[in-house]
>>> print(open('entry.txt').read())   # compact mmCIF, C-alpha atoms
# COMPACT_ATOMS: atom_id res chain seq x y z
CA MET A 1 21.41 7.49 -3.20
CA HIS A 2 18.77 9.24 -5.27
CA THR A 3 20.79 8.25 -8.35
CA ARG A 4 23.33 5.67 -9.52
CA THR A 5 24.83 7.08 -12.74
CA ALA A 6 25.99 10.40 -14.16
CA GLN A 7 22.91 10.40 -16.40
CA ASP A 8 20.68 9.87 -13.36
CA ASP A 9 22.51 12.76 -11.66
CA ALA A 10 21.83 15.07 -14.61
CA LEU A 11 18.15 14.14 -14.56
CA TYR A 12 17.98 14.68 -10.81
CA ALA A 13 19.45 18.18 -11.22
CA LEU A 14 16.64 19.00 -13.66
CA ALA A 15 13.83 17.20 -11.80
CA ALA A 16 14.46 18.20 -8.18
CA PRO A 17 13.62 21.92 -8.57
CA VAL A 18 10.48 21.06 -10.57
CA ALA A 19 9.35 18.65 -7.86
CA GLU A 20 10.15 21.13 -5.06
CA ALA A 21 8.04 23.79 -6.79
CA LEU A 22 5.13 21.32 -6.57
CA ASP A 23 5.84 20.54 -2.87
CA MET A 24 7.25 17.14 -3.81
CA GLU A 25 10.57 15.37 -3.32
CA ILE A 26 12.38 13.20 -5.84
CA VAL A 27 13.01 9.94 -4.00
CA ARG A 28 14.86 8.09 -6.74
CA ILE A 29 15.72 8.30 -10.44
CA ARG A 30 16.81 5.37 -12.60
CA VAL A 31 17.27 5.15 -16.38
CA LYS A 32 16.59 1.62 -17.59
CA SER A 33 18.04 0.60 -20.94
CA GLY A 34 16.39 -1.49 -23.60
CA LYS A 35 14.98 -1.01 -27.08
CA ARG A 36 13.40 2.12 -25.69
CA GLN A 37 14.89 3.57 -22.51
CA THR A 38 12.67 4.12 -19.51
CA VAL A 39 13.20 7.02 -17.11
CA GLN A 40 11.78 5.94 -13.76
CA ILE A 41 11.19 8.74 -11.28
CA MET A 42 9.82 8.08 -7.81
CA ALA A 43 8.51 11.10 -5.98
CA ASP A 44 6.65 11.83 -2.78
CA LYS A 45 4.78 14.77 -1.35
CA SER A 46 5.96 16.22 1.94
CA ASP A 47 2.83 14.88 3.64
CA GLY A 48 3.25 11.40 2.12
CA THR A 49 -0.01 11.53 0.17
CA MET A 50 1.34 11.16 -3.38
CA ASP A 51 -1.50 9.93 -5.58
CA VAL A 52 -2.11 9.32 -9.29
CA GLU A 53 -3.10 12.95 -9.92
CA ASP A 54 0.12 14.14 -8.25
CA CYS A 55 2.16 11.74 -10.40
CA ALA A 56 0.43 13.06 -13.53
CA LYS A 57 1.06 16.68 -12.49
CA LEU A 58 4.77 16.00 -11.93
CA SER A 59 5.00 13.98 -15.14
CA ARG A 60 3.58 16.87 -17.19
CA ALA A 61 5.93 19.37 -15.55
CA LEU A 62 8.95 17.11 -16.05
CA SER A 63 8.01 16.35 -19.66
CA ASP A 64 8.22 20.06 -20.46
CA ILE A 65 11.70 20.51 -19.00
CA LEU A 66 13.00 17.20 -20.40
CA GLU A 67 11.75 18.19 -23.84
CA GLU A 68 13.47 21.56 -23.55
CA GLU A 69 16.78 20.32 -22.09
CA ASP A 70 16.90 16.97 -23.96
CA PRO A 71 19.21 15.19 -21.45
CA ILE A 72 18.58 11.68 -22.82
CA ARG A 73 19.82 10.38 -26.14
CA GLY A 74 17.18 8.67 -28.23
CA GLU A 75 13.61 7.86 -27.41
CA TYR A 76 12.48 7.09 -23.91
CA THR A 77 9.38 6.57 -21.78
CA LEU A 78 8.91 8.65 -18.65
CA GLU A 79 7.41 6.82 -15.66
CA VAL A 80 6.53 8.83 -12.57
CA SER A 81 5.32 6.95 -9.50
CA SER A 82 5.03 7.16 -5.76
CA PRO A 83 7.66 5.22 -3.81
CA GLY A 84 5.10 2.72 -2.48
CA ILE A 85 4.79 1.26 0.99
CA ASP A 86 8.14 -0.55 0.99
CA ARG A 87 9.80 2.58 -0.30
CA PRO A 88 13.45 3.23 -0.97
CA LEU A 89 15.24 5.29 1.67
CA THR A 90 17.54 7.71 -0.14
CA ALA A 91 18.02 10.72 2.11
CA PRO A 92 18.99 11.20 5.78
CA ALA A 93 15.52 12.55 6.57
CA HIS A 94 13.97 9.25 5.41
CA PHE A 95 15.82 7.32 8.12
CA GLU A 96 14.51 9.76 10.75
CA ARG A 97 10.97 9.73 9.37
CA TRP A 98 10.77 5.93 9.26
CA ALA A 99 12.48 5.24 12.60
CA GLY A 100 10.78 2.33 14.33
CA PHE A 101 10.20 0.39 11.11
CA LYS A 102 12.14 -2.53 9.67
CA ALA A 103 14.57 -1.79 6.82
CA LYS A 104 17.11 -3.54 4.61
CA LEU A 105 20.43 -1.80 3.99
CA GLU A 106 23.00 -2.80 1.40
CA LEU A 107 26.49 -1.35 1.72
CA ASP A 108 29.14 -0.65 -0.87
CA ARG A 109 31.74 -2.45 1.29
CA LEU A 110 32.05 -5.32 3.69
CA VAL A 111 31.42 -4.64 7.38
CA GLU A 112 32.04 -7.53 9.73
CA GLY A 113 32.15 -9.82 6.70
CA ARG A 114 28.87 -8.80 5.09
CA LYS A 115 27.23 -6.09 2.99
CA LYS A 116 23.53 -6.60 3.82
CA PHE A 117 21.84 -5.71 7.09
CA THR A 118 18.19 -5.91 8.15
CA GLY A 119 16.88 -4.38 11.34
CA GLN A 120 14.74 -1.76 13.06
CA LEU A 121 15.58 1.83 12.05
CA ALA A 122 16.49 3.97 15.04
CA GLY A 123 17.08 7.30 13.33
CA PHE A 124 19.96 9.28 11.85
CA GLU A 125 22.80 10.94 13.72
CA ASP A 126 26.22 12.38 12.83
CA ASN A 127 25.86 11.36 9.15
CA SER A 128 25.13 7.75 10.16
CA VAL A 129 22.04 5.58 10.02
CA LEU A 130 21.12 4.10 13.38
CA ILE A 131 19.74 0.58 13.16
CA ASP A 132 18.93 -2.04 15.76
CA LEU A 133 20.11 -5.38 14.40
CA PRO A 134 18.88 -8.76 15.62
CA ASN A 135 21.05 -10.38 18.30
CA GLU A 136 23.01 -7.15 18.89
CA ASP A 137 22.88 -5.34 22.24
CA GLU A 138 23.82 -1.91 20.91
CA THR A 139 22.41 0.17 18.09
CA ALA A 140 24.66 0.01 15.03
CA LEU A 141 25.82 3.22 13.35
CA ILE A 142 26.32 2.82 9.61
CA PRO A 143 27.82 5.76 7.72
CA PHE A 144 25.26 7.08 5.23
CA ASP A 145 27.95 7.30 2.54
CA TRP A 146 28.52 3.52 2.75
CA ILE A 147 24.90 2.68 1.88
CA SER A 148 24.32 1.76 -1.75
CA ASP A 149 20.68 0.75 -1.35
CA ALA A 150 18.11 0.96 1.45
CA LYS A 151 14.40 0.28 1.63
CA LEU A 152 11.64 -0.40 4.10
CA VAL A 153 10.58 -3.99 4.62
CA LEU A 154 6.90 -4.70 4.14
CA THR A 155 5.56 -5.69 7.56
CA ASP A 156 2.14 -5.69 9.22
CA GLU A 157 3.23 -2.65 11.26
CA LEU A 158 4.22 -0.73 8.13
CA MET A 159 0.94 -1.60 6.40
CA LYS A 160 -1.07 -0.48 9.46
CA ALA A 161 0.87 2.78 9.64
CA ASP A 162 0.37 3.40 5.92
CA LEU A 163 -3.36 2.76 6.19
CA ALA A 164 -3.63 5.09 9.19
CA ALA A 165 -1.74 7.82 7.31
CA ARG A 166 -4.06 7.45 4.29
CA GLU A 167 -7.12 7.79 6.54
CA ASP A 168 -5.61 10.78 8.37
CA PRO A 169 -2.89 12.57 6.33
CA ALA A 170 -1.95 14.60 9.43
CA ALA A 171 -0.83 11.29 10.96
CA SER A 172 1.94 11.03 8.35
CA ASP A 173 4.10 13.24 10.60
CA ASN A 174 6.23 10.60 12.29
CA SER A 175 7.52 12.86 15.04
CA SER A 176 6.07 10.48 17.62
CA GLY A 177 7.60 7.44 15.90
CA ASP A 178 4.21 5.74 15.86
CA THR A 179 3.17 6.25 12.23
CA PRO A 180 4.86 7.35 9.01
>>> encode(input="entry.txt", output="structure tokens")
Amino acid sequence: MHTRTAQDDALYALAAPVAEALDMEIVRIRVKSGKRQTVQIMADKSDGTMDVEDCAKLSRALSDILEEEDPIRGEYTLEVSSPGIDRPLTAPAHFERWAGFKAKLELDRLVEGRKKFTGQLAGFEDNSVLIDLPNEDETALIPFDWISDAKLVLTDELMKADLAAREDPAASDNSSGDTP
């Protein structure tokens, strides 16, 4: 889910090792078309404290490798950003880390007559996302491979947790399920 196209995949293959060397993770890559293409790269640090300086550092490092490898035809603009509070969820670890928070999932197929689900994340197990859906008694298991898009929903709880993590970066370890 980090990517959607073959071009995004090629960029991810180049960007991921660069980000890892800087103790960062590529969250998502998208190439937007237009008069001048835009390469959008969302990244996060392992402690969740990605700031403007970190974005600039990653942007400079990626610019060097993109210039050398030239994976994009024509001119483009590189945009590097943090994933934000209502971040995309693109890897199994994200569903574990953000358990206890509300999320929207969109599937690539119909399940019980629908593709979109919103509920409380309950973790990740056996290659499935666990989510507590409204008016359901049991936790739903949705195969990770069926998810085409997932993101956190901006709620008061998420904003409080984000603020607490900014004030105390050590609190960004969500092993207790209380904060991100």
>>> atom_distance(input="entry.txt", atom1="atom CA of Ala10 of chain A", atom2="atom CA of Ile26 of chain A")
13.0 Å
>>> closest_residue(input="entry.txt", among="A:Ala165, A:Leu78, A:Leu130, A:Val52", to="Val31 of chain A", atoms="all atoms listed in the file")
A:Leu78
>>> closest_residue(input="entry.txt", among="A:Met159, A:Ala43, A:Leu89, A:Leu11", to="Glu106 of chain A", atoms="all atoms listed in the file")
A:Leu89
>>> residues_near_point(input="entry.txt", point="(15.8, 10.7, 12.8)", cutoff="7 Å", atoms="only C-alpha atoms", output="number ranges by chain")
A: 93, 95-97, 99, 123-124
>>> closest_residue(input="entry.txt", among="A:Ala21, A:Ala13, A:Met42, A:Leu105", to="Leu133 of chain A", atoms="only C-alpha atoms")
A:Leu105
>>> closest_residue(input="entry.txt", among="A:Glu136, A:Asp64, A:Glu20, A:Glu157", to="Trp98 of chain A", atoms="all atoms listed in the file")
A:Glu157
>>> decode(input="entry.txt", residues="segment 5-150 of chain A", atoms="C-alpha atoms", output="PDB file, in the first residue's frame")
ATOM      1  CA  THR A   5       1.712   2.137  -9.769  1.00  0.00           C
ATOM      2  CA  ALA A   6       4.816   0.522 -11.233  1.00  0.00           C
ATOM      3  CA  GLN A   7       6.448   3.955 -11.306  1.00  0.00           C
ATOM      4  CA  ASP A   8       5.649   4.428  -7.608  1.00  0.00           C
ATOM      5  CA  ASP A   9       7.156   0.976  -6.961  1.00  0.00           C
ATOM      6  CA  ALA A  10      10.385   1.932  -8.736  1.00  0.00           C
ATOM      7  CA  LEU A  11      10.624   5.124  -6.695  1.00  0.00           C
ATOM      8  CA  TYR A  12       9.941   3.217  -3.484  1.00  0.00           C
ATOM      9  CA  ALA A  13      12.785   0.801  -4.284  1.00  0.00           C
ATOM     10  CA  LEU A  14      15.139   3.776  -4.582  1.00  0.00           C
ATOM     11  CA  ALA A  15      13.759   5.803  -1.660  1.00  0.00           C
ATOM     12  CA  ALA A  16      13.293   3.154   1.034  1.00  0.00           C
ATOM     13  CA  PRO A  17      17.009   2.403   1.592  1.00  0.00           C
ATOM     14  CA  VAL A  18      17.816   6.133   1.662  1.00  0.00           C
ATOM     15  CA  ALA A  19      15.111   6.721   4.268  1.00  0.00           C
ATOM     16  CA  GLU A  20      16.191   3.711   6.347  1.00  0.00           C
ATOM     17  CA  ALA A  21      19.766   5.023   6.430  1.00  0.00           C
ATOM     18  CA  LEU A  22      18.340   8.201   8.000  1.00  0.00           C
ATOM     19  CA  ASP A  23      16.225   6.206  10.525  1.00  0.00           C
ATOM     20  CA  MET A  24      13.064   7.027   8.594  1.00  0.00           C
ATOM     21  CA  GLU A  25      10.330   5.006   6.919  1.00  0.00           C
ATOM     22  CA  ILE A  26       8.656   5.750   3.601  1.00  0.00           C
ATOM     23  CA  VAL A  27       4.949   5.775   4.398  1.00  0.00           C
ATOM     24  CA  ARG A  28       3.622   6.460   0.914  1.00  0.00           C
ATOM     25  CA  ILE A  29       4.757   7.494  -2.576  1.00  0.00           C
ATOM     26  CA  ARG A  30       2.506   8.943  -5.266  1.00  0.00           C
ATOM     27  CA  VAL A  31       3.392  10.505  -8.622  1.00  0.00           C
ATOM     28  CA  LYS A  32       0.823  13.112  -9.597  1.00  0.00           C
ATOM     29  CA  SER A  33       0.553  14.046 -13.262  1.00  0.00           C
ATOM     30  CA  GLY A  34       0.036  17.482 -14.713  1.00  0.00           C
ATOM     31  CA  LYS A  35       2.011  20.030 -16.687  1.00  0.00           C
ATOM     32  CA  ARG A  36       4.837  19.243 -14.320  1.00  0.00           C
ATOM     33  CA  GLN A  37       4.669  15.948 -12.434  1.00  0.00           C
ATOM     34  CA  THR A  38       4.852  15.972  -8.662  1.00  0.00           C
ATOM     35  CA  VAL A  39       6.517  13.176  -6.706  1.00  0.00           C
ATOM     36  CA  GLN A  40       4.882  13.112  -3.279  1.00  0.00           C
ATOM     37  CA  ILE A  41       6.773  11.186  -0.626  1.00  0.00           C
ATOM     38  CA  MET A  42       5.452  10.841   2.914  1.00  0.00           C
ATOM     39  CA  ALA A  43       7.968   9.683   5.472  1.00  0.00           C
ATOM     40  CA  ASP A  44       8.131   9.257   9.214  1.00  0.00           C
ATOM     41  CA  LYS A  45      10.869   8.746  11.755  1.00  0.00           C
ATOM     42  CA  SER A  46      10.751   5.647  13.921  1.00  0.00           C
ATOM     43  CA  ASP A  47       9.923   7.796  16.948  1.00  0.00           C
ATOM     44  CA  GLY A  48       7.164   9.689  15.096  1.00  0.00           C
ATOM     45  CA  THR A  49       8.877  13.070  15.384  1.00  0.00           C
ATOM     46  CA  MET A  50       9.298  13.898  11.683  1.00  0.00           C
ATOM     47  CA  ASP A  51       9.747  17.657  11.384  1.00  0.00           C
ATOM     48  CA  VAL A  52      10.583  20.165   8.644  1.00  0.00           C
ATOM     49  CA  GLU A  53      14.340  19.679   9.076  1.00  0.00           C
ATOM     50  CA  ASP A  54      13.920  15.902   8.724  1.00  0.00           C
ATOM     51  CA  CYS A  55      11.853  16.399   5.561  1.00  0.00           C
ATOM     52  CA  ALA A  56      14.569  18.662   4.136  1.00  0.00           C
ATOM     53  CA  LYS A  57      17.290  16.136   5.010  1.00  0.00           C
ATOM     54  CA  LEU A  58      15.399  13.321   3.282  1.00  0.00           C
ATOM     55  CA  SER A  59      14.560  15.546   0.315  1.00  0.00           C
ATOM     56  CA  ARG A  60      18.243  16.387  -0.239  1.00  0.00           C
ATOM     57  CA  ALA A  61      19.264  12.730   0.025  1.00  0.00           C
ATOM     58  CA  LEU A  62      16.504  11.625  -2.346  1.00  0.00           C
ATOM     59  CA  SER A  63      17.266  14.406  -4.832  1.00  0.00           C
ATOM     60  CA  ASP A  64      20.796  13.054  -5.211  1.00  0.00           C
ATOM     61  CA  ILE A  65      19.693   9.488  -5.960  1.00  0.00           C
ATOM     62  CA  LEU A  66      16.792  10.577  -8.193  1.00  0.00           C
ATOM     63  CA  GLU A  67      19.163  12.768 -10.174  1.00  0.00           C
ATOM     64  CA  GLU A  68      21.592   9.870 -10.555  1.00  0.00           C
ATOM     65  CA  GLU A  69      19.021   7.161 -11.390  1.00  0.00           C
ATOM     66  CA  ASP A  70      16.582   9.393 -13.334  1.00  0.00           C
ATOM     67  CA  PRO A  71      13.489   7.180 -12.800  1.00  0.00           C
ATOM     68  CA  ILE A  72      10.967   9.814 -13.925  1.00  0.00           C
ATOM     69  CA  ARG A  73      10.504  11.017 -17.475  1.00  0.00           C
ATOM     70  CA  GLY A  74      10.427  14.769 -17.852  1.00  0.00           C
ATOM     71  CA  GLU A  75      10.497  17.462 -15.237  1.00  0.00           C
ATOM     72  CA  TYR A  76       9.000  16.971 -11.817  1.00  0.00           C
ATOM     73  CA  THR A  77       8.755  18.543  -8.381  1.00  0.00           C
ATOM     74  CA  LEU A  78       9.756  16.507  -5.341  1.00  0.00           C
ATOM     75  CA  GLU A  79       7.585  17.003  -2.240  1.00  0.00           C
ATOM     76  CA  VAL A  80       8.648  15.335   0.988  1.00  0.00           C
ATOM     77  CA  SER A  81       6.328  15.586   3.981  1.00  0.00           C
ATOM     78  CA  SER A  82       5.383  13.914   7.219  1.00  0.00           C
ATOM     79  CA  PRO A  83       2.225  11.791   7.101  1.00  0.00           C
ATOM     80  CA  GLY A  84       0.316  14.183   9.378  1.00  0.00           C
ATOM     81  CA  ILE A  85      -2.032  13.372  12.225  1.00  0.00           C
ATOM     82  CA  ASP A  86      -4.655  11.578  10.132  1.00  0.00           C
ATOM     83  CA  ARG A  87      -1.910   9.594   8.461  1.00  0.00           C
ATOM     84  CA  PRO A  88      -2.195   6.837   5.904  1.00  0.00           C
ATOM     85  CA  LEU A  89      -1.730   3.321   7.246  1.00  0.00           C
ATOM     86  CA  THR A  90       0.349   1.398   4.723  1.00  0.00           C
ATOM     87  CA  ALA A  91       2.186  -1.341   6.601  1.00  0.00           C
ATOM     88  CA  PRO A  92       1.143  -4.049   9.083  1.00  0.00           C
ATOM     89  CA  ALA A  93       3.122  -2.342  11.854  1.00  0.00           C
ATOM     90  CA  HIS A  94       0.994   0.801  11.440  1.00  0.00           C
ATOM     91  CA  PHE A  95      -2.165  -1.093  12.394  1.00  0.00           C
ATOM     92  CA  GLU A  96      -0.437  -2.391  15.536  1.00  0.00           C
ATOM     93  CA  ARG A  97       1.027   0.998  16.430  1.00  0.00           C
ATOM     94  CA  TRP A  98      -2.291   2.818  16.048  1.00  0.00           C
ATOM     95  CA  ALA A  99      -4.505   0.201  17.727  1.00  0.00           C
ATOM     96  CA  GLY A 100      -7.176   1.910  19.795  1.00  0.00           C
ATOM     97  CA  PHE A 101      -7.696   4.729  17.294  1.00  0.00           C
ATOM     98  CA  LYS A 102     -10.433   5.183  14.701  1.00  0.00           C
ATOM     99  CA  ALA A 103      -9.558   4.378  11.076  1.00  0.00           C
ATOM    100  CA  LYS A 104     -11.167   4.234   7.640  1.00  0.00           C
ATOM    101  CA  LEU A 105     -10.389   1.250   5.427  1.00  0.00           C
ATOM    102  CA  GLU A 106     -11.206   0.950   1.746  1.00  0.00           C
ATOM    103  CA  LEU A 107     -11.045  -2.488   0.172  1.00  0.00           C
ATOM    104  CA  ASP A 108     -10.354  -3.577  -3.374  1.00  0.00           C
ATOM    105  CA  ARG A 109     -13.441  -5.840  -3.287  1.00  0.00           C
ATOM    106  CA  LEU A 110     -16.899  -6.008  -1.810  1.00  0.00           C
ATOM    107  CA  VAL A 111     -17.293  -7.588   1.619  1.00  0.00           C
ATOM    108  CA  GLU A 112     -20.832  -7.963   2.878  1.00  0.00           C
ATOM    109  CA  GLY A 113     -21.945  -5.616   0.105  1.00  0.00           C
ATOM    110  CA  ARG A 114     -19.532  -2.766   0.775  1.00  0.00           C
ATOM    111  CA  LYS A 115     -15.928  -1.654   0.280  1.00  0.00           C
ATOM    112  CA  LYS A 116     -15.562   0.996   3.012  1.00  0.00           C
ATOM    113  CA  PHE A 117     -15.324   0.345   6.741  1.00  0.00           C
ATOM    114  CA  THR A 118     -14.763   2.713   9.658  1.00  0.00           C
ATOM    115  CA  GLY A 119     -14.036   1.532  13.167  1.00  0.00           C
ATOM    116  CA  GLN A 120     -11.606   1.227  16.060  1.00  0.00           C
ATOM    117  CA  LEU A 121      -8.310  -0.462  15.145  1.00  0.00           C
ATOM    118  CA  ALA A 122      -7.623  -3.505  17.292  1.00  0.00           C
ATOM    119  CA  GLY A 123      -4.250  -4.554  15.906  1.00  0.00           C
ATOM    120  CA  PHE A 124      -2.845  -6.889  13.273  1.00  0.00           C
ATOM    121  CA  GLU A 125      -2.802 -10.677  13.355  1.00  0.00           C
ATOM    122  CA  ASP A 126      -2.230 -13.485  10.830  1.00  0.00           C
ATOM    123  CA  ASN A 127      -1.844 -11.006   7.934  1.00  0.00           C
ATOM    124  CA  SER A 128      -5.198  -9.391   8.791  1.00  0.00           C
ATOM    125  CA  VAL A 129      -6.187  -6.028  10.201  1.00  0.00           C
ATOM    126  CA  LEU A 130      -8.338  -6.305  13.306  1.00  0.00           C
ATOM    127  CA  ILE A 131     -11.021  -3.644  13.542  1.00  0.00           C
ATOM    128  CA  ASP A 132     -13.980  -3.161  15.847  1.00  0.00           C
ATOM    129  CA  LEU A 133     -16.889  -1.991  13.711  1.00  0.00           C
ATOM    130  CA  PRO A 134     -19.955  -0.190  15.047  1.00  0.00           C
ATOM    131  CA  ASN A 135     -22.917  -2.455  15.816  1.00  0.00           C
ATOM    132  CA  GLU A 136     -20.788  -5.611  15.527  1.00  0.00           C
ATOM    133  CA  ASP A 137     -20.214  -7.894  18.524  1.00  0.00           C
ATOM    134  CA  GLU A 138     -16.976  -9.438  17.273  1.00  0.00           C
ATOM    135  CA  THR A 139     -13.776  -7.893  15.993  1.00  0.00           C
ATOM    136  CA  ALA A 140     -13.592  -8.077  12.198  1.00  0.00           C
ATOM    137  CA  LEU A 141     -10.508  -9.527  10.512  1.00  0.00           C
ATOM    138  CA  ILE A 142      -9.804  -7.933   7.141  1.00  0.00           C
ATOM    139  CA  PRO A 143      -6.989  -9.429   5.054  1.00  0.00           C
ATOM    140  CA  PHE A 144      -4.248  -6.836   4.625  1.00  0.00           C
ATOM    141  CA  ASP A 145      -3.969  -7.691   0.921  1.00  0.00           C
ATOM    142  CA  TRP A 146      -7.602  -6.623   0.365  1.00  0.00           C
ATOM    143  CA  ILE A 147      -7.000  -3.073   1.634  1.00  0.00           C
ATOM    144  CA  SER A 148      -6.485  -0.488  -1.094  1.00  0.00           C
ATOM    145  CA  ASP A 149      -6.441   2.537   1.211  1.00  0.00           C
ATOM    146  CA  ALA A 150      -6.399   3.078   4.973  1.00  0.00           C
TER     147      ALA A 150
END
